[in-house]
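Enquirer: I have a structure here, written as structure tokens, and I will follow up with some questions on it.
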Amino acid sequence: IMSSGTMLSCKMALSRRCVRAVLLSVAVQFLLLAIFLLFVNFELWHPLQWVAGTFRLVCSFYTWFASIPLIGAVVFYGVTLSQQHLAERRYCSTRYRWMLNNGPRKILFLGAHLLVGYLTAWLYAGYLHSDYRHLLYRCYGQDCLSSYHVFLLGMGIAAGCYYFVSVHLHHEVSIDYAIVEQSRSQKLRELLFSTFKGAPISSLLPTLSYSLVFALLGGFVRQRLGHLLGVDVDDRLVGILDVATNVRLLFYAWLLSSQILSNMHLMKRFYAMLLSEQLPLVVSRNRLVSHKQQQQLTVVTGLGLFNVYVVQCLTAHFLYIESKRKDSPVRLEIFQLTEPGNRPVNWRELCDQCVYIVGNFTDELSDSMRQVSVVKSNDEHPTAAHSDVNAALLAEKALLRQYNHMYGIRSVVAQSSETTPEHRQQWQQAKPSESIRHVPTWCERVSIQLEESLQRLLHRIPGIIYLFGEPEGAKTLFLLEHSLPIVWLTQALAHICVASLKEDRYGVVQDDLPTIIKTLHRLKSELDKLSNSNASNLKSASVILNYLRCAVRRSLYNVCDSFYNYLEDIIAGEELLQLQSFVHHG
């Protein structure tokens, strides 16, 4: 059980990383502003004056003072993004439950996107030409609403909304773990280069879409806004032709959209980069140490932290990296015996936790697969091992029916059309009183008809099934999307078992080998069954399914191949034949 001190230290470590991500997000605002000013104030014949003028603008008092609202919005955006990363990943069986659980956070996150987009457009418009700079200006001797400024502000809001809908609406925030370890400076340099390289292309679609919508509906919006502010509206951008021919305005909108999308992508990647760094984990805590060291997070404790998905992923990744590292001190510490007592406490706790997590995942996956129609129909077909028995039973039943029909014998037991082994077993175990045909009364018939009519009526109401019905395969899809710890845990267990042949001097792993092999084999069987089903509603998770399935098969193969000479002493029965065939044929 995790102590309160350990939980607090874990939360503080994650909070410090989130604070560093917010500081990086604030610093990148001035870098993006400098790039924007370099594009806007471009001077080909005076390059030194161009660069010096841009640097003076970025460092001026006006810029720092005007950036305060945007910095506040960025901090608010960072807080909401932290909530997305550290929130508990719960399965919502219906869309109604999903809206109750994630709706408030999603709405708050959408507000953060809109606020950052609007304030970015407002700040950047202040450095443009006077026609684009102000919301109100003097025309015909009175105040008028600037259509150019309204267009740019709307572009900022549309860009923020576009990024939220395309990235965060239907998906949870994720963290990518690097295959090759890199320093933070290398990650930051590659992130900036890839973002600035792809942003100009990715911003074309939202810019053109918004321009088309503004050309169609912009007049109504400007009229309502002018009426709200009590001013007249100018006669610019009154049609599609005016918007399409204003090249400078479209260039500003495209540049602004590119900056906003880059800004939000960088903030998202900053969190992913910092949160993916390894936590200070230990295999076991020494009881004779200070209180501060007692608050260290152990591997077993981190794996059991189910309500913080990030910590569980980091712990599983740490165990995977250390298990395959050559001459790993963590692996040696796992094999050690504790003093006093000389008991394999480290291995026993780690093995029990890993087997429990993998076994619980297998149970949930197996239960969820029963709701998938394709898998369910495959399960209903008898296996080849029982084909002869089923054929004999069906032949005997057919001969019995012919004999009864020839001599006019009628059975008092209700005939059943079900021929599956499950229904025959239920028929054999049923009491004689329960197998007699029951004729429902008029009250039962009316009740059944009313129930069927009510169900048909509910299915006809638009939105009822969509909101309150569980989509087929939703639980399976949820489990696959959150199976990253299982990928690393299965491979870590396999690496530890293989390394125990040379490094385990006390044989602490041998007693648990049958349990580990059976757990991996059971998970492999369920994944093979799911992969062979070709369910159409699981196409979106095909990559994750193949990734998980290959990791489990590779782990099971490594263990069975390393202990192949002793496999008959570890596993017995039909499962032994299946594992031997798997090692030989894959």
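Residue names in the structure tokens use chain letters A, B, ... in the order shown, residue numbers from 1 in each chain, and ligand numbers from 1 in the order shown.
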When you look at Leu188 of chain A with a cut-off of 10 Å (counting only C-alpha atoms), what residues show up, excluding the ones that are within fewer than 3 positions of it in the same chain? I need them as a list in words.
Expert: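 Counting only the stated atoms, we get Gln182, Ser183, Arg184, Ser185, Leu191, Leu192, Phe193, Leu266, Arg269, Phe270 and Met273 of chain A.
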Enquirer: Could you pull the residues within 9 Å of His134 of chain A, counting only C-alpha atoms, minus those fewer than 5 positions along the same chain, as a list in words?
Expert: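 Result of the neighbour search: Ala125, Gly126, Leu145, Ser146, Tyr148 and His149 of chain A.
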Enquirer: Now that the selection is made, can you save its residues with C-alpha atoms as a short mmCIF file (atom, residue, chain, number, x, y, z; two decimals), in the first residue's frame?
Expert:
```
data_model
loop_
_atom_site.label_atom_id
_atom_site.label_comp_id
_atom_site.auth_asym_id
_atom_site.auth_seq_id
_atom_site.Cartn_x
_atom_site.Cartn_y
_atom_site.Cartn_z
CA ALA A 125 -2.55 42.16 -34.70
CA GLY A 126 -1.04 45.01 -32.70
CA LEU A 145 -15.89 48.37 -36.90
CA SER A 146 -12.78 47.09 -38.70
CA TYR A 148 -9.92 43.19 -41.09
CA HIS A 149 -9.42 43.08 -37.32
#
```
Enquirer: Counting only C-alpha atoms, figure out which residue out of A:Ile35, A:Asn101, A:Gln84, A:Val74 gets nearest to Phe55 of chain A.
Expert: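 That would be A:Ile35, the residue with the smallest distance to Phe55 of chain A.
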Enquirer: Go through A:Arg20, A:Arg224, A:His85, A:Arg456 one by one, measure the shortest atom-to-atom distance of each to His171 of chain A using only C-alpha atoms, and give the residue with the smallest value.
Expert: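 Nearest candidate to His171 of chain A out of A:Arg20, A:Arg224, A:His85, A:Arg456: A:His85.
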Enquirer: Please produce, as CSV, a per-residue contact table for segment 141-237 of chain A versus segment 245-262 of chain A (criterion: any atom at most 9 Å away, only C-alpha atoms considered), showing the nearest atom pair and its distance in Å to one decimal, sorted by chain then residue number.
Expert:
```
residue,atom,partner,partner_atom,distance
A:Tyr148,CA,A:Leu249,CA,7.3
A:Phe151,CA,A:Ala253,CA,8.2
A:Leu152,CA,A:Ala253,CA,6.2
A:Met155,CA,A:Ala253,CA,6.4
A:Gly156,CA,A:Ser257,CA,6.6
A:Ala158,CA,A:Ser257,CA,8.6
A:Ala159,CA,A:Ser257,CA,5.8
A:Gly160,CA,A:Ile260,CA,7.1
A:Tyr162,CA,A:Leu261,CA,8.9
A:Tyr163,CA,A:Leu261,CA,6.7
A:Thr195,CA,A:Ser262,CA,6.2
A:Phe196,CA,A:Ser262,CA,6.9
A:Gly198,CA,A:Ser262,CA,8.8
A:Ala199,CA,A:Ser258,CA,5.4
A:Pro200,CA,A:Ser258,CA,5.6
A:Ile201,CA,A:Ser258,CA,8.4
A:Ser202,CA,A:Ser258,CA,7.6
A:Ser203,CA,A:Ser258,CA,5.2
A:Leu204,CA,A:Trp254,CA,6.7
A:Pro206,CA,A:Ser257,CA,7.6
A:Thr207,CA,A:Trp254,CA,5.7
A:Leu208,CA,A:Trp254,CA,8.4
A:Ser211,CA,A:Leu250,CA,8.0
A:Leu237,CA,A:Asn246,CA,8.7
```
Enquirer: Quick one: DSSP strand (DSSP E) residues in segment 39-272 of chain A, as a PyMOL selection string?
Expert: chain A and resi 136-139+142-145+232-233
Enquirer: Take the residues just selected and output them with N, CA, C and O atoms as a PDB file, in the first residue's frame.
Expert:
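Here's the written file out-v2.pdb:
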```pdb
ATOM      1  N   LEU A 136     -11.732  49.267 -33.695  1.00  0.00           N
ATOM      2  CA  LEU A 136     -12.522  50.435 -34.108  1.00  0.00           C
ATOM      3  C   LEU A 136     -11.595  51.477 -34.711  1.00  0.00           C
ATOM      4  O   LEU A 136     -10.474  51.683 -34.212  1.00  0.00           O
ATOM      5  N   TYR A 137     -12.053  52.151 -35.753  1.00  0.00           N
ATOM      6  CA  TYR A 137     -11.270  53.228 -36.363  1.00  0.00           C
ATOM      7  C   TYR A 137     -12.237  54.272 -36.930  1.00  0.00           C
ATOM      8  O   TYR A 137     -13.442  54.018 -37.070  1.00  0.00           O
ATOM      9  N   ARG A 138     -11.684  55.440 -37.246  1.00  0.00           N
ATOM     10  CA  ARG A 138     -12.497  56.560 -37.735  1.00  0.00           C
ATOM     11  C   ARG A 138     -12.702  56.436 -39.241  1.00  0.00           C
ATOM     12  O   ARG A 138     -11.748  56.327 -40.014  1.00  0.00           O
ATOM     13  N   CYS A 139     -13.976  56.410 -39.664  1.00  0.00           N
ATOM     14  CA  CYS A 139     -14.303  56.414 -41.086  1.00  0.00           C
ATOM     15  C   CYS A 139     -15.541  57.272 -41.288  1.00  0.00           C
ATOM     16  O   CYS A 139     -16.529  57.141 -40.552  1.00  0.00           O
ATOM     17  N   GLN A 142     -16.918  59.065 -38.156  1.00  0.00           N
ATOM     18  CA  GLN A 142     -17.513  58.338 -37.028  1.00  0.00           C
ATOM     19  C   GLN A 142     -16.747  57.031 -36.827  1.00  0.00           C
ATOM     20  O   GLN A 142     -15.963  56.604 -37.672  1.00  0.00           O
ATOM     21  N   ASP A 143     -17.004  56.399 -35.670  1.00  0.00           N
ATOM     22  CA  ASP A 143     -16.340  55.133 -35.358  1.00  0.00           C
ATOM     23  C   ASP A 143     -16.953  54.002 -36.175  1.00  0.00           C
ATOM     24  O   ASP A 143     -18.176  53.886 -36.291  1.00  0.00           O
ATOM     25  N   CYS A 144     -16.067  53.180 -36.739  1.00  0.00           N
ATOM     26  CA  CYS A 144     -16.498  52.031 -37.539  1.00  0.00           C
ATOM     27  C   CYS A 144     -15.792  50.773 -37.054  1.00  0.00           C
ATOM     28  O   CYS A 144     -14.675  50.826 -36.510  1.00  0.00           O
ATOM     29  N   LEU A 145     -16.451  49.671 -37.264  1.00  0.00           N
ATOM     30  CA  LEU A 145     -15.890  48.374 -36.899  1.00  0.00           C
ATOM     31  C   LEU A 145     -14.995  47.880 -38.033  1.00  0.00           C
ATOM     32  O   LEU A 145     -15.414  47.803 -39.189  1.00  0.00           O
ATOM     33  N   ASP A 232     -21.028  51.603 -36.511  1.00  0.00           N
ATOM     34  CA  ASP A 232     -21.312  51.129 -37.858  1.00  0.00           C
ATOM     35  C   ASP A 232     -20.231  50.159 -38.322  1.00  0.00           C
ATOM     36  O   ASP A 232     -19.129  50.111 -37.775  1.00  0.00           O
ATOM     37  N   VAL A 233     -20.562  49.400 -39.352  1.00  0.00           N
ATOM     38  CA  VAL A 233     -19.636  48.426 -39.929  1.00  0.00           C
ATOM     39  C   VAL A 233     -19.143  48.963 -41.258  1.00  0.00           C
ATOM     40  O   VAL A 233     -19.924  49.515 -42.059  1.00  0.00           O
TER      41      VAL A 233
END
```
Enquirer: Would you pick out the contacts of Thr362 of chain A at 12 Å or less, using only C-alpha atoms, so that residues sharing its chain but fewer than 5 positions from it are not included, and give the list as a ChimeraX atom specification?
Expert: /A:355-357,367-369,476,479-480,483,486,518-527,530,552
Enquirer: Considering only C-alpha atoms, can you say which of A:Asn346, A:Gln580, A:Ser60, A:Ser542 comes closest to Val509 of chain A?
Expert: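 Between A:Asn346, A:Gln580, A:Ser60, A:Ser542, the residue approaching Val509 of chain A most closely is A:Asn346.
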Enquirer: Pick out the residues sitting within 10 Å of Val221 of chain A, and hand them over as a PDB file with C-alpha atoms, in the first residue's frame; count only C-alpha atoms, and ignore anything fewer than 6 positions along from it in its own chain.
Expert:
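Listed below is the output, result27.pdb:
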```
ATOM      1  CA  VAL A 150     -12.567  41.007 -36.804  1.00  0.00           C
ATOM      2  CA  PHE A 214     -16.263  34.144 -43.022  1.00  0.00           C
ATOM      3  CA  HIS A 227     -24.960  46.509 -33.065  1.00  0.00           C
TER       4      HIS A 227
END
```
Enquirer: Quick one, how far is atom CA of Gly304 of chain A from atom CA of Tyr547 of chain A?
Expert: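 Atom CA of Gly304 of chain A sits 23.1 Å away from atom CA of Tyr547 of chain A.
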Enquirer: Please identify which residues in segment 19-101 of chain A DSSP calls alpha helix (DSSP H) from the backbone, and express them as a ChimeraX atom specification.
Expert: /A:19-40,47-59,61-66,68-86,95-101
Enquirer: Which residues are near Arg89 of chain A? Cut-off 8 Å, only C-alpha atoms, ignore same chain within fewer than 5 positions. Put them as a ChimeraX atom specification.
Expert: /A:307-309
Enquirer: Residues within 10 Å of Val173 of chain A, please, as a ChimeraX atom specification. Count only C-alpha atoms; anything in the same chain fewer than 6 positions from it doesn't count.
Expert: /A:81-82,84-86,167,268,271-272
Enquirer: Can you list, as a ChimeraX atom specification, every protein, DNA or RNA residue that comes within 12 Å of Ser581 of chain A when you count only C-alpha atoms, leaving out same-chain residues fewer than 5 positions away?
Expert: /A:557,560-561,564,574-576,586
